[in-house]
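For reference, the structure discussed in these notes is given below.
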Amino acid sequence: MINVENSPDFGHVSVLLYETADALDVTPGNTYFDGTFGGGGHSRLILERGGIVRATDMDSDAIEAAKVSDVFRPYLVSGQLALTKSNFADFIEQADELFDGMIFDLGVSSHQLDTTERGFSFRRDARLDMRMDRTAPISAYEIVNEWDYEDLKRIFYEYGEERNAPRIARRIAETRTRAPIETTYQLAELLNTHPKRVFQALRIAVQDELGSLSRMLKAAPNRLKPGGVIAVISFHSLEDRLVKHSFRDDTRLSVITKHPITPRDEELRENTRSGSAKLRTARKVG
Ligand SMILES: C[S@@+](CC[C@H](N)C(=O)[O-])C[C@H]1O[C@@H](n2cnc3c(N)ncnc32)[C@H](O)[C@@H]1O
């Protein structure tokens with residue numbers, strides 16, 4: 001695991017870094033797509049191994065940080081790296097380029113969690129937000145204050161795997177009849193249980209993360225060259241199941257990882273965020 005800073009102030013330690021780059025079998029001059037640039041850790045290793053990288057992130061902070069980074073600026077100037085602010089699903093559906101490999105490192109970056117005003121963390125008091133794309137129309141505020149009881153219950157169950165989902169949804173629905181629930185701390189306080197699962201569920205709902213993942217999984221194989229590898233790192237059992245089934249059922253792909261690759265003990269010790277990470281890879285047939 002490299003512990004060096006990639007984009008300045010990003011403070012994001014990449015998960016399963018070498019495992020992913022090795023799975024892509026990076027070859028100098030070949031072109032790779034990184035759908036989740038974040039602090040750029042995975043892209044950086046591909047660039048250092050001579051790959052050409054086309055990357056997206058839906059968070060403009062990630063793109064702007066790379067532009068002013070001593071690490072990435074030279075690659076951007078030379079054209080070895082190109083960055084687009086986009087949802088990876090939109091980009092892949094519209095791309096006409098073919099790639100030798102693709103990587104998707106799903107979920108939230110440390111930068112997003114650690115930036116108070118983004119409203120991702122129950123440990124930091126901010127207006128409820130959680131939008132990775134700050135131009136998106138729906139934030140956690142609208143979900144918490146406007147979605148009906150049934151929808152709240154469903155996302156807490158499904159995305160949060162929260163067994164107290166009905167009680168929590170009822171509490172939110174009652175509380176907001178008096179005044180809107182404005183902040184992360186207000187929400188965390190009224191839950192009466194550990195807020196982690198509820199916050200995770202809201203984040204997944206705000207982004208429609210499973211919707212983007214499904215769209216990407218359908219479109220990506222058509223954008224891979226024969227023999228090219230797609231690598232997906234997921235942090236949630238629903239995501240992992242979608243990836244597993246999609247790789248298994250897609251006749252354009254042949255599964256490489258019968259069982260997912262998980263972080264080694266050393267990585268688990270050094271980076272608690274890696275705890276639930278699972279890497280699955282598949283190769284384009286033909
Ligand atoms: C876990 S971080 C990636 C970290 C990166 N691999 C690294 O090593 O620094 C996930 C990033 O993907 C972005 N992201 C999540 N879902 C996305 C989507 N559907 N389209 C584009 N970017 C997305 C987030 O904004 C975040 O910056």
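Identifiers in the structure tokens: chain A, B, ... in order shown; residue index from 1 per chain; ligand index from 1 in order shown.
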
task = Within 9 Å of Thr184 in chain A, counting only C-alpha atoms, which residues show up once you throw out same-chain ones fewer than 4 positions away? Write them as JSON, numbers by chain, please.
result = {"A": [119, 120, 121, 122, 123, 124, 125, 126, 127, 128, 129, 188, 189, 199]}

task = Using only C-alpha atoms and all ligand atoms, find each residue with an atom at most 6 Å away from ligand 1 and format the answer as a PyMOL selection string.
result = chain A and resi 12+14+35-42+56-59+86-88+105-109+132+212

Go ahead and save the residues from that selection, with C-alpha atoms, as an mmCIF file, in the first residue's frame.
```
data_model
loop_
_atom_site.group_PDB
_atom_site.id
_atom_site.type_symbol
_atom_site.label_atom_id
_atom_site.label_comp_id
_atom_site.auth_asym_id
_atom_site.auth_seq_id
_atom_site.Cartn_x
_atom_site.Cartn_y
_atom_site.Cartn_z
ATOM 1 C CA HIS A 12 -7.189 9.264 0.578
ATOM 2 C CA SER A 14 -6.089 3.729 -1.947
ATOM 3 C CA GLY A 35 -14.212 5.657 -13.350
ATOM 4 C CA THR A 36 -13.622 6.802 -9.765
ATOM 5 C CA PHE A 37 -10.528 9.031 -9.801
ATOM 6 C CA GLY A 38 -10.886 10.385 -6.211
ATOM 7 C CA GLY A 39 -7.372 11.180 -4.942
ATOM 8 C CA GLY A 40 -6.014 9.441 -8.023
ATOM 9 C CA GLY A 41 -4.148 6.610 -6.315
ATOM 10 C CA HIS A 42 -5.132 3.897 -8.771
ATOM 11 C CA THR A 56 -13.908 10.409 -14.409
ATOM 12 C CA ASP A 57 -15.178 11.545 -11.041
ATOM 13 C CA MET A 58 -18.572 13.092 -10.410
ATOM 14 C CA ASP A 59 -17.038 15.271 -7.684
ATOM 15 C CA SER A 86 -18.941 12.869 -15.023
ATOM 16 C CA ASN A 87 -20.874 9.999 -13.599
ATOM 17 C CA PHE A 88 -18.949 6.940 -14.794
ATOM 18 C CA ASP A 105 -13.281 1.870 -6.794
ATOM 19 C CA LEU A 106 -16.795 2.484 -5.506
ATOM 20 C CA GLY A 107 -18.060 4.541 -2.636
ATOM 21 C CA VAL A 108 -16.875 7.577 -0.798
ATOM 22 C CA SER A 109 -13.409 9.155 -0.598
ATOM 23 C CA MET A 132 -20.757 13.765 -4.546
ATOM 24 C CA SER A 212 -25.133 3.901 -11.643
#
```

task = Using DSSP on the backbone coordinates, identify the residues of range 86-253 of chain A assigned to alpha helix (DSSP H); present them as a PyMOL selection string.
result = chain A and resi 88-94+110-114+140-146+149-158+165-178+184-191+196-207+209-219+237-249

inquiry  = Ranking A:Leu224, A:Ala205, A:Ile46, A:Ala62 by minimum distance to Arg252 in chain A and counting only C-alpha atoms, which one comes first?
reply    =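 Smallest separation from Arg252 in chain A among the options: A:Leu224.
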
message = Quick check for you: according to DSSP on this backbone, which residues of range 165-282 of chain A are classed as strand (DSSP E or B)? Reply as a VMD selection string.
response = chain A and resid 183 224 to 234 253 to 255 261 278 to 282

Writing out the chosen residues with N, CA and C atoms as a PDB file, in the first residue's frame:
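Listing of again-v5.pdb after writing:
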```
ATOM      1  N   THR A 183     -29.504  19.239  10.039  1.00  0.00           N
ATOM      2  CA  THR A 183     -28.062  18.963  10.118  1.00  0.00           C
ATOM      3  C   THR A 183     -27.759  17.491  10.435  1.00  0.00           C
ATOM      4  N   LEU A 224     -14.677  -2.467 -23.725  1.00  0.00           N
ATOM      5  CA  LEU A 224     -13.401  -3.152 -23.458  1.00  0.00           C
ATOM      6  C   LEU A 224     -12.907  -3.829 -24.732  1.00  0.00           C
ATOM      7  N   LYS A 225     -11.592  -3.763 -24.956  1.00  0.00           N
ATOM      8  CA  LYS A 225     -11.012  -4.529 -26.068  1.00  0.00           C
ATOM      9  C   LYS A 225     -11.030  -6.003 -25.704  1.00  0.00           C
ATOM     10  N   PRO A 226     -11.048  -6.899 -26.678  1.00  0.00           N
ATOM     11  CA  PRO A 226     -10.963  -8.332 -26.363  1.00  0.00           C
ATOM     12  C   PRO A 226      -9.722  -8.590 -25.513  1.00  0.00           C
ATOM     13  N   GLY A 227      -9.892  -9.341 -24.439  1.00  0.00           N
ATOM     14  CA  GLY A 227      -8.775  -9.611 -23.519  1.00  0.00           C
ATOM     15  C   GLY A 227      -8.631  -8.551 -22.434  1.00  0.00           C
ATOM     16  N   GLY A 228      -9.340  -7.422 -22.568  1.00  0.00           N
ATOM     17  CA  GLY A 228      -9.265  -6.354 -21.574  1.00  0.00           C
ATOM     18  C   GLY A 228      -9.953  -6.754 -20.275  1.00  0.00           C
ATOM     19  N   VAL A 229      -9.508  -6.143 -19.179  1.00  0.00           N
ATOM     20  CA  VAL A 229      -9.992  -6.547 -17.849  1.00  0.00           C
ATOM     21  C   VAL A 229     -10.785  -5.422 -17.195  1.00  0.00           C
ATOM     22  N   ILE A 230     -11.917  -5.780 -16.590  1.00  0.00           N
ATOM     23  CA  ILE A 230     -12.665  -4.835 -15.754  1.00  0.00           C
ATOM     24  C   ILE A 230     -12.468  -5.243 -14.296  1.00  0.00           C
ATOM     25  N   ALA A 231     -12.143  -4.243 -13.459  1.00  0.00           N
ATOM     26  CA  ALA A 231     -11.901  -4.486 -12.032  1.00  0.00           C
ATOM     27  C   ALA A 231     -12.828  -3.587 -11.226  1.00  0.00           C
ATOM     28  N   VAL A 232     -13.572  -4.181 -10.294  1.00  0.00           N
ATOM     29  CA  VAL A 232     -14.476  -3.376  -9.463  1.00  0.00           C
ATOM     30  C   VAL A 232     -14.199  -3.667  -7.986  1.00  0.00           C
ATOM     31  N   ILE A 233     -13.946  -2.600  -7.224  1.00  0.00           N
ATOM     32  CA  ILE A 233     -13.792  -2.726  -5.774  1.00  0.00           C
ATOM     33  C   ILE A 233     -15.079  -2.217  -5.139  1.00  0.00           C
ATOM     34  N   SER A 234     -15.742  -3.072  -4.362  1.00  0.00           N
ATOM     35  CA  SER A 234     -16.976  -2.641  -3.709  1.00  0.00           C
ATOM     36  C   SER A 234     -16.815  -2.722  -2.193  1.00  0.00           C
ATOM     37  N   LEU A 253     -18.185 -11.613 -20.958  1.00  0.00           N
ATOM     38  CA  LEU A 253     -17.101 -11.625 -19.965  1.00  0.00           C
ATOM     39  C   LEU A 253     -16.787 -13.031 -19.486  1.00  0.00           C
ATOM     40  N   SER A 254     -15.535 -13.223 -19.074  1.00  0.00           N
ATOM     41  CA  SER A 254     -15.167 -14.458 -18.385  1.00  0.00           C
ATOM     42  C   SER A 254     -14.588 -14.066 -17.012  1.00  0.00           C
ATOM     43  N   VAL A 255     -15.144 -14.656 -15.971  1.00  0.00           N
ATOM     44  CA  VAL A 255     -14.774 -14.269 -14.601  1.00  0.00           C
ATOM     45  C   VAL A 255     -13.333 -14.703 -14.302  1.00  0.00           C
ATOM     46  N   ILE A 261     -11.087 -10.805  -4.202  1.00  0.00           N
ATOM     47  CA  ILE A 261      -9.809 -10.523  -3.540  1.00  0.00           C
ATOM     48  C   ILE A 261     -10.092  -9.523  -2.420  1.00  0.00           C
ATOM     49  N   LYS A 278     -13.936  -5.528  -1.444  1.00  0.00           N
ATOM     50  CA  LYS A 278     -13.870  -6.770  -2.229  1.00  0.00           C
ATOM     51  C   LYS A 278     -13.573  -6.392  -3.674  1.00  0.00           C
ATOM     52  N   LEU A 279     -12.545  -7.017  -4.224  1.00  0.00           N
ATOM     53  CA  LEU A 279     -12.178  -6.766  -5.620  1.00  0.00           C
ATOM     54  C   LEU A 279     -12.580  -7.950  -6.481  1.00  0.00           C
ATOM     55  N   ARG A 280     -13.355  -7.684  -7.526  1.00  0.00           N
ATOM     56  CA  ARG A 280     -13.702  -8.727  -8.496  1.00  0.00           C
ATOM     57  C   ARG A 280     -13.234  -8.282  -9.877  1.00  0.00           C
ATOM     58  N   THR A 281     -12.744  -9.224 -10.660  1.00  0.00           N
ATOM     59  CA  THR A 281     -12.263  -8.889 -11.991  1.00  0.00           C
ATOM     60  C   THR A 281     -12.817  -9.890 -13.012  1.00  0.00           C
ATOM     61  N   ALA A 282     -12.934  -9.417 -14.251  1.00  0.00           N
ATOM     62  CA  ALA A 282     -13.402 -10.278 -15.347  1.00  0.00           C
ATOM     63  C   ALA A 282     -12.729  -9.822 -16.632  1.00  0.00           C
TER      64      ALA A 282
END
```

message = My list of candidates is A:Arg54, A:Arg283, A:Arg49, A:Arg44. Which is closest to Ala95 in chain A when distances are computed with only C-alpha atoms?
response =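 Closest to Ala95 in chain A of all the choices is A:Arg54.
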
ask   = Which residues come within 12 Å of range 138-147 of chain A, counting only C-alpha atoms, excluding same-chain residues fewer than 6 positions away, as a ChimeraX atom specification?
value = /A:118-121,126-132,153-156,168-184,186-188,198-208

Can you write just those residues out, C-alpha atoms, as a short mmCIF file (atom, residue, chain, number, x, y, z; two decimals), in the first residue's frame?
```cif
data_model
loop_
_atom_site.label_atom_id
_atom_site.label_comp_id
_atom_site.auth_asym_id
_atom_site.auth_seq_id
_atom_site.Cartn_x
_atom_site.Cartn_y
_atom_site.Cartn_z
CA ARG A 118 -20.12 18.12 2.44
CA GLY A 119 -22.36 16.64 5.13
CA PHE A 120 -21.24 12.99 4.65
CA SER A 121 -20.07 12.33 8.20
CA ALA A 126 -23.04 20.29 8.81
CA ARG A 127 -26.18 20.77 6.78
CA LEU A 128 -27.39 17.38 5.50
CA ASP A 129 -26.01 17.07 1.98
CA MET A 130 -23.92 14.00 0.91
CA ARG A 131 -23.93 14.90 -2.79
CA MET A 132 -20.76 13.76 -4.55
CA LYS A 153 -37.82 2.46 5.68
CA ARG A 154 -36.86 0.72 2.42
CA ILE A 155 -33.54 2.52 1.99
CA PHE A 156 -32.58 1.99 5.65
CA ILE A 168 -35.98 5.07 12.60
CA ALA A 169 -38.14 6.00 9.61
CA ARG A 170 -41.09 6.65 11.95
CA ARG A 171 -38.98 8.84 14.21
CA ILE A 172 -37.76 10.93 11.29
CA ALA A 173 -41.29 11.28 9.90
CA GLU A 174 -42.58 12.43 13.30
CA THR A 175 -39.74 14.82 14.09
CA ARG A 176 -39.93 16.68 10.78
CA THR A 177 -43.61 17.53 11.25
CA ARG A 178 -42.46 20.02 13.90
CA ALA A 179 -39.46 21.49 12.02
CA PRO A 180 -37.16 20.32 9.23
CA ILE A 181 -34.18 18.17 10.19
CA GLU A 182 -31.38 20.40 9.01
CA THR A 183 -28.06 18.96 10.12
CA THR A 184 -26.01 15.78 10.47
CA GLN A 186 -29.69 16.69 14.50
CA LEU A 187 -30.24 13.52 12.50
CA ALA A 188 -27.64 11.49 14.42
CA VAL A 198 -28.47 5.27 8.27
CA PHE A 199 -25.83 7.65 6.92
CA GLN A 200 -24.58 4.98 4.52
CA ALA A 201 -28.13 4.35 3.28
CA LEU A 202 -28.73 8.05 2.69
CA ARG A 203 -25.45 8.42 0.79
CA ILE A 204 -26.31 5.50 -1.47
CA ALA A 205 -29.80 6.91 -2.09
CA VAL A 206 -28.57 10.46 -2.78
CA GLN A 207 -26.28 9.23 -5.55
CA ASP A 208 -28.51 6.33 -6.67
#
```

inquiry  = I'd like to know which of A:Asp25, A:Glu158, A:Glu266, A:Asp61 is closest to Glu239 in chain A, using only C-alpha atoms.
reply    = A:Glu158

query = Can you tell me, as a ChimeraX atom specification, what residues are no more than 10 Å from Tyr157 in chain A when counting only C-alpha atoms, ignoring any on the same chain fewer than 4 positions away?
reply = /A:151-153,161-166,197-198,201

Just to be explicit: take each residue in the selection above, keep C-alpha atoms, and write the result as an mmCIF file, in the first residue's frame.
```cif
data_model
loop_
_atom_site.group_PDB
_atom_site.id
_atom_site.type_symbol
_atom_site.label_atom_id
_atom_site.label_comp_id
_atom_site.auth_asym_id
_atom_site.auth_seq_id
_atom_site.Cartn_x
_atom_site.Cartn_y
_atom_site.Cartn_z
ATOM 1 C CA ASP A 151 -39.263 4.920 1.101
ATOM 2 C CA LEU A 152 -37.161 5.854 4.116
ATOM 3 C CA LYS A 153 -37.815 2.457 5.677
ATOM 4 C CA GLU A 161 -28.993 -3.210 6.371
ATOM 5 C CA GLU A 162 -30.448 -1.518 9.445
ATOM 6 C CA ARG A 163 -32.813 -3.786 11.348
ATOM 7 C CA ASN A 164 -34.373 -0.840 13.190
ATOM 8 C CA ALA A 165 -35.423 0.684 9.870
ATOM 9 C CA PRO A 166 -39.177 1.038 10.679
ATOM 10 C CA ARG A 197 -25.921 2.489 8.679
ATOM 11 C CA VAL A 198 -28.474 5.265 8.270
ATOM 12 C CA ALA A 201 -28.129 4.349 3.284
#
```

ask   = Which neighbours of Asp265 in chain A fall inside 12 Å, counting only C-alpha atoms, when residues of the same chain fewer than 5 positions from it are skipped, and could you give them as a VMD selection string?
value = chain A and resid 1 16 270 to 272 274 to 275

task = Name the residues in contact with Leu213 in chain A at a cut-off of 8 Å, using only C-alpha atoms, excluding same-chain residues fewer than 3 positions from it; report them as a list in words.
result =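 Near neighbours after the sequence-gap exclusion: Ala89, Glu209, Leu210, Met216, Leu217 and Glu239 of chain A.
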
request  = Measure the distance from CA of Thr135 in chain A to CA of Ala220 in chain A in Å and round it to one decimal.
outcome  = 25.0 Å

key: Distance of CA of Val13 in chain A from CA of Ala66 in chain A, expressed in Å to one decimal place   =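 Straight-line distance from CA of Ala66 in chain A to CA of Val13 in chain A works out to 15.2 Å.
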